[in-house]
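**Student:** Sharing run-v2.tsv (TSV, N, CA, C and O atoms) below.
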```tsv
chain	number	residue	atom	x	y	z
S	1	ARG	N	3.90	36.69	7.88
S	1	ARG	CA	3.40	35.35	7.71
S	1	ARG	C	1.88	35.36	7.63
S	1	ARG	O	1.22	36.13	8.29
S	2	LEU	N	1.39	34.42	6.85
S	2	LEU	CA	-0.06	34.27	6.72
S	2	LEU	C	-0.56	33.16	7.63
S	2	LEU	O	0.11	32.15	7.81
S	3	GLU	N	-1.75	33.34	8.16
S	3	GLU	CA	-2.37	32.30	8.96
S	3	GLU	C	-3.71	31.95	8.33
S	3	GLU	O	-4.52	32.82	8.03
S	4	ASN	N	-3.90	30.65	8.12
S	4	ASN	CA	-5.16	30.16	7.58
S	4	ASN	C	-5.18	28.65	7.74
S	4	ASN	O	-4.16	28.05	8.08
S	5	ALA	N	-6.32	28.03	7.47
S	5	ALA	CA	-6.44	26.58	7.61
S	5	ALA	C	-5.86	25.84	6.42
S	5	ALA	O	-5.42	24.71	6.55
S	6	LEU	N	-5.88	26.46	5.24
S	6	LEU	CA	-5.35	25.79	4.05
S	6	LEU	C	-4.91	26.82	3.03
S	6	LEU	O	-5.36	27.95	3.04
S	7	PHE	N	-3.98	26.38	2.17
S	7	PHE	CA	-3.44	27.26	1.14
S	7	PHE	C	-3.26	26.49	-0.15
S	7	PHE	O	-3.03	25.28	-0.14
S	8	SER	N	-3.32	27.18	-1.24
S	8	SER	CA	-2.97	26.63	-2.54
S	8	SER	C	-2.31	27.76	-3.33
S	8	SER	O	-2.83	28.87	-3.39
S	9	VAL	N	-1.16	27.47	-3.92
S	9	VAL	CA	-0.45	28.47	-4.69
S	9	VAL	C	-0.06	27.87	-6.03
S	9	VAL	O	0.00	26.66	-6.19
S	10	GLY	N	0.20	28.72	-6.98
S	10	GLY	CA	0.65	28.27	-8.29
S	10	GLY	C	-0.43	28.37	-9.34
S	10	GLY	O	-1.59	28.71	-9.05
S	11	SER	N	-0.06	28.04	-10.56
S	11	SER	CA	-0.97	28.22	-11.69
S	11	SER	C	-2.18	27.31	-11.64
S	11	SER	O	-3.22	27.63	-12.18
S	12	GLY	N	-2.10	26.18	-10.96
S	12	GLY	CA	-3.24	25.28	-10.87
S	12	GLY	C	-4.06	25.47	-9.61
S	12	GLY	O	-5.00	24.72	-9.34
S	13	SER	N	-3.73	26.50	-8.83
S	13	SER	CA	-4.38	26.66	-7.53
S	13	SER	C	-5.88	26.92	-7.62
S	13	SER	O	-6.61	26.52	-6.72
S	14	THR	N	-6.34	27.53	-8.68
S	14	THR	CA	-7.80	27.74	-8.78
S	14	THR	C	-8.53	26.42	-8.87
S	14	THR	O	-9.62	26.26	-8.32
S	15	PHE	N	-7.94	25.44	-9.56
S	15	PHE	CA	-8.56	24.11	-9.64
S	15	PHE	C	-8.49	23.42	-8.27
S	15	PHE	O	-9.44	22.78	-7.84
S	16	ALA	N	-7.36	23.55	-7.60
S	16	ALA	CA	-7.20	22.95	-6.27
S	16	ALA	C	-8.16	23.56	-5.27
S	16	ALA	O	-8.78	22.85	-4.48
S	17	TYR	N	-8.33	24.88	-5.31
S	17	TYR	CA	-9.24	25.53	-4.37
S	17	TYR	C	-10.68	25.06	-4.55
S	17	TYR	O	-11.44	24.96	-3.59
S	18	GLY	N	-11.08	24.75	-5.77
S	18	GLY	CA	-12.42	24.23	-5.99
S	18	GLY	C	-12.66	22.94	-5.22
S	18	GLY	O	-13.71	22.74	-4.61
S	19	VAL	N	-11.67	22.06	-5.22
S	19	VAL	CA	-11.77	20.81	-4.48
S	19	VAL	C	-11.67	21.06	-2.98
S	19	VAL	O	-12.45	20.52	-2.19
S	20	LEU	N	-10.72	21.90	-2.58
S	20	LEU	CA	-10.53	22.19	-1.16
S	20	LEU	C	-11.77	22.86	-0.55
S	20	LEU	O	-12.19	22.49	0.55
S	21	ASP	N	-12.32	23.83	-1.25
S	21	ASP	CA	-13.50	24.53	-0.73
S	21	ASP	C	-14.70	23.60	-0.59
S	21	ASP	O	-15.53	23.78	0.30
S	22	THR	N	-14.78	22.62	-1.46
S	22	THR	CA	-15.90	21.67	-1.41
S	22	THR	C	-15.73	20.66	-0.30
S	22	THR	O	-16.71	20.30	0.37
S	23	GLY	N	-14.51	20.17	-0.07
S	23	GLY	CA	-14.31	19.06	0.85
S	23	GLY	C	-13.73	19.37	2.21
S	23	GLY	O	-13.70	18.50	3.08
S	24	TYR	N	-13.30	20.62	2.44
S	24	TYR	CA	-12.63	20.93	3.70
S	24	TYR	C	-13.62	21.07	4.84
S	24	TYR	O	-14.66	21.70	4.71
S	25	ARG	N	-13.27	20.45	5.97
S	25	ARG	CA	-13.94	20.63	7.25
S	25	ARG	C	-12.85	20.75	8.31
S	25	ARG	O	-11.79	20.15	8.18
S	26	TYR	N	-13.12	21.47	9.35
S	26	TYR	CA	-12.14	21.65	10.42
S	26	TYR	C	-11.80	20.32	11.10
S	26	TYR	O	-10.68	20.11	11.55
S	27	ASP	N	-12.76	19.41	11.16
S	27	ASP	CA	-12.58	18.17	11.91
S	27	ASP	C	-12.21	16.96	11.04
S	27	ASP	O	-12.48	15.82	11.40
S	28	LEU	N	-11.54	17.18	9.91
S	28	LEU	CA	-11.12	16.07	9.06
S	28	LEU	C	-10.15	15.16	9.81
S	28	LEU	O	-9.27	15.63	10.52
S	29	GLU	N	-10.35	13.85	9.66
S	29	GLU	CA	-9.38	12.88	10.16
S	29	GLU	C	-8.14	12.97	9.27
S	29	GLU	O	-8.22	13.39	8.11
S	30	PRO	N	-6.98	12.54	9.77
S	30	PRO	CA	-5.75	12.64	8.96
S	30	PRO	C	-5.89	11.99	7.58
S	30	PRO	O	-5.47	12.58	6.58
S	31	GLU	N	-6.45	10.80	7.48
S	31	GLU	CA	-6.60	10.14	6.18
S	31	GLU	C	-7.54	10.92	5.26
S	31	GLU	O	-7.30	10.98	4.05
S	32	GLU	N	-8.58	11.52	5.81
S	32	GLU	CA	-9.49	12.34	5.00
S	32	GLU	C	-8.77	13.58	4.49
S	32	GLU	O	-8.94	13.97	3.33
S	33	ALA	N	-7.97	14.20	5.34
S	33	ALA	CA	-7.23	15.40	4.95
S	33	ALA	C	-6.20	15.07	3.87
S	33	ALA	O	-6.04	15.82	2.90
S	34	ILE	N	-5.51	13.93	4.02
S	34	ILE	CA	-4.53	13.52	3.02
S	34	ILE	C	-5.22	13.26	1.69
S	34	ILE	O	-4.74	13.69	0.64
S	35	ASP	N	-6.36	12.57	1.72
S	35	ASP	CA	-7.09	12.30	0.47
S	35	ASP	C	-7.58	13.60	-0.17
S	35	ASP	O	-7.51	13.75	-1.38
S	36	LEU	N	-8.05	14.54	0.64
S	36	LEU	CA	-8.50	15.83	0.10
S	36	LEU	C	-7.34	16.57	-0.56
S	36	LEU	O	-7.48	17.10	-1.67
S	37	GLY	N	-6.19	16.59	0.08
S	37	GLY	CA	-5.01	17.22	-0.51
S	37	GLY	C	-4.60	16.54	-1.80
S	37	GLY	O	-4.28	17.19	-2.80
S	38	ARG	N	-4.63	15.21	-1.81
S	38	ARG	CA	-4.28	14.44	-3.01
S	38	ARG	C	-5.24	14.77	-4.15
S	38	ARG	O	-4.82	15.00	-5.28
S	39	ARG	N	-6.53	14.80	-3.85
S	39	ARG	CA	-7.53	15.13	-4.89
S	39	ARG	C	-7.33	16.55	-5.42
S	39	ARG	O	-7.44	16.79	-6.61
S	40	ALA	N	-7.07	17.48	-4.52
S	40	ALA	CA	-6.89	18.88	-4.93
S	40	ALA	C	-5.68	19.01	-5.87
S	40	ALA	O	-5.76	19.67	-6.92
S	41	ILE	N	-4.58	18.38	-5.50
S	41	ILE	CA	-3.38	18.45	-6.35
S	41	ILE	C	-3.61	17.71	-7.65
S	41	ILE	O	-3.19	18.15	-8.72
S	42	PHE	N	-4.28	16.55	-7.57
S	42	PHE	CA	-4.60	15.81	-8.80
S	42	PHE	C	-5.37	16.69	-9.78
S	42	PHE	O	-5.02	16.78	-10.96
S	43	HIS	N	-6.43	17.33	-9.31
S	43	HIS	CA	-7.24	18.16	-10.21
S	43	HIS	C	-6.45	19.34	-10.74
S	43	HIS	O	-6.61	19.73	-11.90
S	44	ALA	N	-5.59	19.92	-9.93
S	44	ALA	CA	-4.76	21.04	-10.40
S	44	ALA	C	-3.80	20.58	-11.49
S	44	ALA	O	-3.67	21.24	-12.53
S	45	THR	N	-3.14	19.45	-11.28
S	45	THR	CA	-2.18	18.99	-12.28
S	45	THR	C	-2.84	18.43	-13.52
S	45	THR	O	-2.30	18.53	-14.62
S	46	HIS	N	-4.04	17.86	-13.35
S	46	HIS	CA	-4.76	17.30	-14.50
S	46	HIS	C	-5.28	18.40	-15.42
S	46	HIS	O	-5.31	18.24	-16.63
S	47	ARG	N	-5.69	19.54	-14.85
S	47	ARG	CA	-6.30	20.61	-15.63
S	47	ARG	C	-5.33	21.72	-16.03
S	47	ARG	O	-5.67	22.55	-16.86
S	48	ASP	N	-4.15	21.75	-15.43
S	48	ASP	CA	-3.21	22.84	-15.69
S	48	ASP	C	-1.91	22.27	-16.23
S	48	ASP	O	-1.22	21.51	-15.55
S	49	ALA	N	-1.57	22.62	-17.45
S	49	ALA	CA	-0.39	22.06	-18.12
S	49	ALA	C	0.92	22.42	-17.44
S	49	ALA	O	1.92	21.74	-17.61
S	50	PHE	N	0.94	23.47	-16.65
S	50	PHE	CA	2.18	23.92	-16.02
S	50	PHE	C	2.36	23.41	-14.60
S	50	PHE	O	3.31	23.77	-13.93
S	51	SER	N	1.44	22.57	-14.13
S	51	SER	CA	1.51	22.09	-12.75
S	51	SER	C	2.30	20.81	-12.58
S	51	SER	O	2.49	20.35	-11.47
S	52	GLY	N	2.73	20.19	-13.65
S	52	GLY	CA	3.49	18.95	-13.51
S	52	GLY	C	2.58	17.74	-13.49
S	52	GLY	O	1.39	17.83	-13.73
S	53	GLY	N	3.13	16.60	-13.16
S	53	GLY	CA	2.36	15.37	-13.19
S	53	GLY	C	2.54	14.50	-11.97
S	53	GLY	O	2.28	13.31	-12.00
S	54	VAL	N	2.97	15.12	-10.87
S	54	VAL	CA	3.23	14.37	-9.66
S	54	VAL	C	2.52	15.03	-8.49
S	54	VAL	O	2.50	16.25	-8.37
S	55	VAL	N	1.91	14.20	-7.63
S	55	VAL	CA	1.33	14.70	-6.38
S	55	VAL	C	2.39	14.54	-5.30
S	55	VAL	O	2.87	13.45	-5.03
S	56	ARG	N	2.76	15.65	-4.71
S	56	ARG	CA	3.75	15.67	-3.63
S	56	ARG	C	3.06	16.26	-2.40
S	56	ARG	O	2.73	17.44	-2.37
S	57	LEU	N	2.82	15.41	-1.39
S	57	LEU	CA	2.11	15.83	-0.19
S	57	LEU	C	3.03	15.80	1.03
S	57	LEU	O	3.88	14.91	1.15
S	58	TYR	N	2.82	16.76	1.91
S	58	TYR	CA	3.51	16.80	3.19
S	58	TYR	C	2.46	16.94	4.27
S	58	TYR	O	1.59	17.81	4.21
S	59	TRP	N	2.52	16.08	5.26
S	59	TRP	CA	1.61	16.14	6.39
S	59	TRP	C	2.29	16.98	7.45
S	59	TRP	O	3.28	16.58	8.05
S	60	VAL	N	1.76	18.19	7.69
S	60	VAL	CA	2.35	19.12	8.64
S	60	VAL	C	1.64	18.95	9.98
S	60	VAL	O	0.42	19.07	10.08
S	61	LYS	N	2.45	18.65	11.00
S	61	LYS	CA	1.92	18.43	12.35
S	61	LYS	C	2.57	19.44	13.30
S	61	LYS	O	3.46	20.18	12.90
S	62	GLU	N	2.10	19.46	14.52
S	62	GLU	CA	2.64	20.40	15.50
S	62	GLU	C	4.12	20.18	15.76
S	62	GLU	O	4.87	21.12	16.01
S	63	ASP	N	4.56	18.93	15.69
S	63	ASP	CA	5.95	18.62	16.01
S	63	ASP	C	6.83	18.43	14.78
S	63	ASP	O	7.92	17.89	14.88
S	64	GLY	N	6.36	18.84	13.62
S	64	GLY	CA	7.16	18.71	12.41
S	64	GLY	C	6.31	18.29	11.21
S	64	GLY	O	5.10	18.47	11.22
S	65	TRP	N	6.95	17.72	10.21
S	65	TRP	CA	6.23	17.32	9.01
S	65	TRP	C	6.74	15.98	8.51
S	65	TRP	O	7.85	15.56	8.84
S	66	VAL	N	5.88	15.33	7.71
S	66	VAL	CA	6.21	14.03	7.14
S	66	VAL	C	5.96	14.13	5.63
S	66	VAL	O	4.88	14.55	5.20
S	67	ALA	N	6.95	13.73	4.84
S	67	ALA	CA	6.78	13.68	3.38
S	67	ALA	C	6.10	12.36	3.04
S	67	ALA	O	6.56	11.29	3.43
S	68	LEU	N	4.98	12.43	2.34
S	68	LEU	CA	4.26	11.24	1.91
S	68	LEU	C	4.79	10.80	0.55
S	68	LEU	O	5.39	11.60	-0.18
S	69	PRO	N	4.59	9.53	0.18
S	69	PRO	CA	5.12	9.04	-1.11
S	69	PRO	C	4.57	9.83	-2.30
S	69	PRO	O	3.40	10.24	-2.31
S	70	LEU	N	5.42	10.03	-3.30
S	70	LEU	CA	5.00	10.69	-4.53
S	70	LEU	C	4.00	9.82	-5.27
S	70	LEU	O	4.09	8.59	-5.22
S	71	GLU	N	3.06	10.45	-5.95
S	71	GLU	CA	2.07	9.71	-6.73
S	71	GLU	C	1.97	10.31	-8.12
S	71	GLU	O	1.95	11.53	-8.27
S	72	ASP	N	1.87	9.47	-9.12
S	72	ASP	CA	1.76	9.88	-10.51
S	72	ASP	C	0.32	10.25	-10.81
S	72	ASP	O	-0.60	9.46	-10.57
S	73	VAL	N	0.10	11.43	-11.35
S	73	VAL	CA	-1.25	11.90	-11.66
S	73	VAL	C	-1.95	10.99	-12.66
S	73	VAL	O	-3.15	10.75	-12.54
S	74	SER	N	-1.22	10.45	-13.63
S	74	SER	CA	-1.86	9.61	-14.63
S	74	SER	C	-2.44	8.35	-14.00
S	74	SER	O	-3.48	7.84	-14.44
S	75	GLU	N	-1.83	7.82	-12.95
S	75	GLU	CA	-2.38	6.66	-12.25
S	75	GLU	C	-3.58	7.05	-11.40
S	75	GLU	O	-4.54	6.29	-11.29
S	76	LEU	N	-3.54	8.21	-10.78
S	76	LEU	CA	-4.66	8.67	-9.97
S	76	LEU	C	-5.90	8.94	-10.81
S	76	LEU	O	-7.02	8.80	-10.34
S	77	TYR	N	-5.70	9.30	-12.08
S	77	TYR	CA	-6.84	9.57	-12.96
S	77	TYR	C	-7.77	8.36	-12.99
S	77	TYR	O	-8.98	8.49	-12.85
S	78	TYR	N	-7.23	7.17	-13.14
S	78	TYR	CA	-8.05	5.96	-13.22
S	78	TYR	C	-8.59	5.55	-11.86
S	78	TYR	O	-9.60	4.86	-11.77
S	79	GLN	N	-7.95	5.99	-10.79
S	79	GLN	CA	-8.47	5.74	-9.44
S	79	GLN	C	-9.69	6.62	-9.18
S	79	GLN	O	-10.68	6.16	-8.62
S	80	TYR	N	-9.61	7.88	-9.57
S	80	TYR	CA	-10.70	8.81	-9.31
S	80	TYR	C	-11.79	8.77	-10.37
S	80	TYR	O	-12.87	9.30	-10.18
S	81	HIS	N	-11.52	8.14	-11.50
S	81	HIS	CA	-12.50	8.00	-12.58
S	81	HIS	C	-12.56	6.53	-12.99
S	81	HIS	O	-12.14	6.17	-14.09
S	82	PRO	N	-13.07	5.65	-12.11
S	82	PRO	CA	-13.03	4.21	-12.40
S	82	PRO	C	-13.87	3.80	-13.60
S	82	PRO	O	-13.66	2.73	-14.17
S	83	GLU	N	-14.79	4.64	-14.02
S	83	GLU	CA	-15.62	4.29	-15.18
S	83	GLU	C	-14.83	4.39	-16.48
S	83	GLU	O	-15.25	3.87	-17.50
S	84	VAL	N	-13.67	5.02	-16.47
S	84	VAL	CA	-12.83	5.13	-17.66
S	84	VAL	C	-11.98	3.87	-17.73
S	84	VAL	O	-11.30	3.52	-16.78
S	85	LYS	N	-12.04	3.20	-18.84
S	85	LYS	CA	-11.27	1.96	-19.02
S	85	LYS	C	-10.00	2.27	-19.82
S	85	LYS	O	-10.02	3.05	-20.75
S	86	THR	N	-8.93	1.63	-19.45
S	86	THR	CA	-7.68	1.78	-20.20
S	86	THR	C	-7.69	0.79	-21.35
S	86	THR	O	-8.34	-0.24	-21.30
S	87	THR	N	-6.98	1.12	-22.41
S	87	THR	CA	-6.84	0.23	-23.55
S	87	THR	C	-5.37	0.10	-23.90
S	87	THR	O	-4.58	0.99	-23.61
S	88	THR	N	-5.03	-0.99	-24.52
S	88	THR	CA	-3.66	-1.16	-24.98
S	88	THR	C	-3.59	-0.67	-26.42
S	88	THR	O	-4.60	-0.37	-27.05
S	89	ALA	N	-2.38	-0.65	-26.97
S	89	ALA	CA	-2.20	-0.16	-28.34
S	89	ALA	C	-2.93	-1.03	-29.36
S	89	ALA	O	-3.28	-0.56	-30.43
S	90	THR	N	-3.18	-2.30	-29.03
S	90	THR	CA	-3.83	-3.19	-30.00
S	90	THR	C	-5.34	-3.24	-29.82
S	90	THR	O	-6.04	-3.82	-30.63
S	91	GLU	N	-5.85	-2.64	-28.75
S	91	GLU	CA	-7.29	-2.63	-28.52
S	91	GLU	C	-7.87	-1.30	-28.99
S	91	GLU	O	-7.26	-0.25	-28.84
S	92	SER	N	-9.04	-1.36	-29.53
S	92	SER	CA	-9.72	-0.15	-29.94
S	92	SER	C	-10.68	0.29	-28.85
S	92	SER	O	-11.44	-0.53	-28.35
S	93	PRO	N	-10.66	1.55	-28.48
S	93	PRO	CA	-11.62	2.02	-27.47
S	93	PRO	C	-13.02	2.16	-28.06
S	93	PRO	O	-13.97	2.38	-27.34
S	94	LEU	N	-13.14	2.01	-29.37
S	94	LEU	CA	-14.44	2.12	-30.03
S	94	LEU	C	-15.06	0.74	-30.21
S	94	LEU	O	-14.37	-0.24	-30.43
S	95	THR	N	-16.36	0.68	-30.11
S	95	THR	CA	-17.06	-0.57	-30.38
S	95	THR	C	-18.03	-0.32	-31.50
S	95	THR	O	-18.60	0.75	-31.63
S	96	PHE	N	-18.20	-1.33	-32.34
S	96	PHE	CA	-19.09	-1.21	-33.48
S	96	PHE	C	-20.17	-2.26	-33.38
S	96	PHE	O	-19.91	-3.40	-32.99
S	97	ALA	N	-21.37	-1.90	-33.76
S	97	ALA	CA	-22.49	-2.85	-33.74
S	97	ALA	C	-22.31	-3.83	-34.89
S	97	ALA	O	-21.88	-3.46	-35.98
S	98	GLN	N	-22.63	-5.08	-34.61
S	98	GLN	CA	-22.60	-6.10	-35.64
S	98	GLN	C	-23.82	-5.95	-36.53
S	98	GLN	O	-24.92	-5.73	-36.05
S	99	ALA	N	-23.63	-6.09	-37.85
S	99	ALA	CA	-24.77	-5.96	-38.77
S	99	ALA	C	-25.48	-7.26	-38.92
S	99	ALA	O	-25.02	-8.31	-38.70
```
Mind converting the file's structure to structure tokens?
**Tutor:**
Amino acid sequence: RLENALFSVGSGSTFAYGVLDTGYRYDLEPEEAIDLGRRAIFHATHRDAFSGGVVRLYWVKEDGWVALPLEDVSELYYQYHPEVKTTTATESPLTFAQA
């Protein structure tokens, strides 16, 4: 068995480790740790075509674990990148100057 504070495995793990290495602290509050895990998985799935499109988190505690609700990566994209605006099929993302 391996012992460490955090792990990432799979084809998107290099992307996840970039987020984890930047944001991990030993004294993270549970909500901070959950958000860090969510961000790490989001970046892995967003950048790696083989990682899927769902964030599946488990909060592991001394007395067991809790499965957190699944989250769709495409929805998290707009949460983590609020400057990106969504458009509908009838709207153009391009704007043209009036002459």
**Student:** I'd like to know which residues of chain S are strand (DSSP E) (by DSSP, run on the backbone); could you write them as a list in words?
**Tutor:**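 So the strand (DSSP E) residues in chain S would be Val54, Val55, Tyr58, Trp59, Val60, Lys61, Gly64, Trp65, Val66, Ala67, Glu71 and Asp72 of chain S.
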**Student:** What's the separation between atom N of Asp48 (chain S) and CA of Ala16 (chain S), in Å to one decimal place?
**Tutor:**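 Answer for the atom N of Asp48 (chain S) to CA of Ala16 (chain S) separation: 9.7 Å.
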**Student:** What does the distance between atom O of Ala5 (chain S) and atom O of Phe42 (chain S) come to in Å, to one decimal place?
**Tutor:** 19.2 Å
**Student:** Tell me, which residues of region 28-80 of chain S carry DSSP alpha helix (DSSP H), written as a PyMOL selection string?
**Tutor:** chain S and resi 30-47+73-80
**Student:** Just give me the gap between CA of Thr22 (chain S) and CA of Gly64 (chain S) in Å, one decimal is fine.
**Tutor:**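 So the two atoms, CA of Thr22 (chain S) and CA of Gly64 (chain S), lie 27.0 Å apart.
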**Student:** Tell me which protein, DNA and RNA residues are within 6 Å of region 32-40 of chain S, counting all atoms listed in the file, leaving out same-chain ones fewer than 3 positions away, and put them as a VMD selection string.
**Tutor:** chain S and resid 12 15 to 16 19 to 20 28 to 29 43 to 45
**Student:** Of the candidates S:Ile41, S:Arg47, S:Leu70, S:Arg56, which shows the shortest atom-to-atom distance to Tyr17 (chain S), using only N, CA, C and O atoms?
**Tutor:** S:Ile41
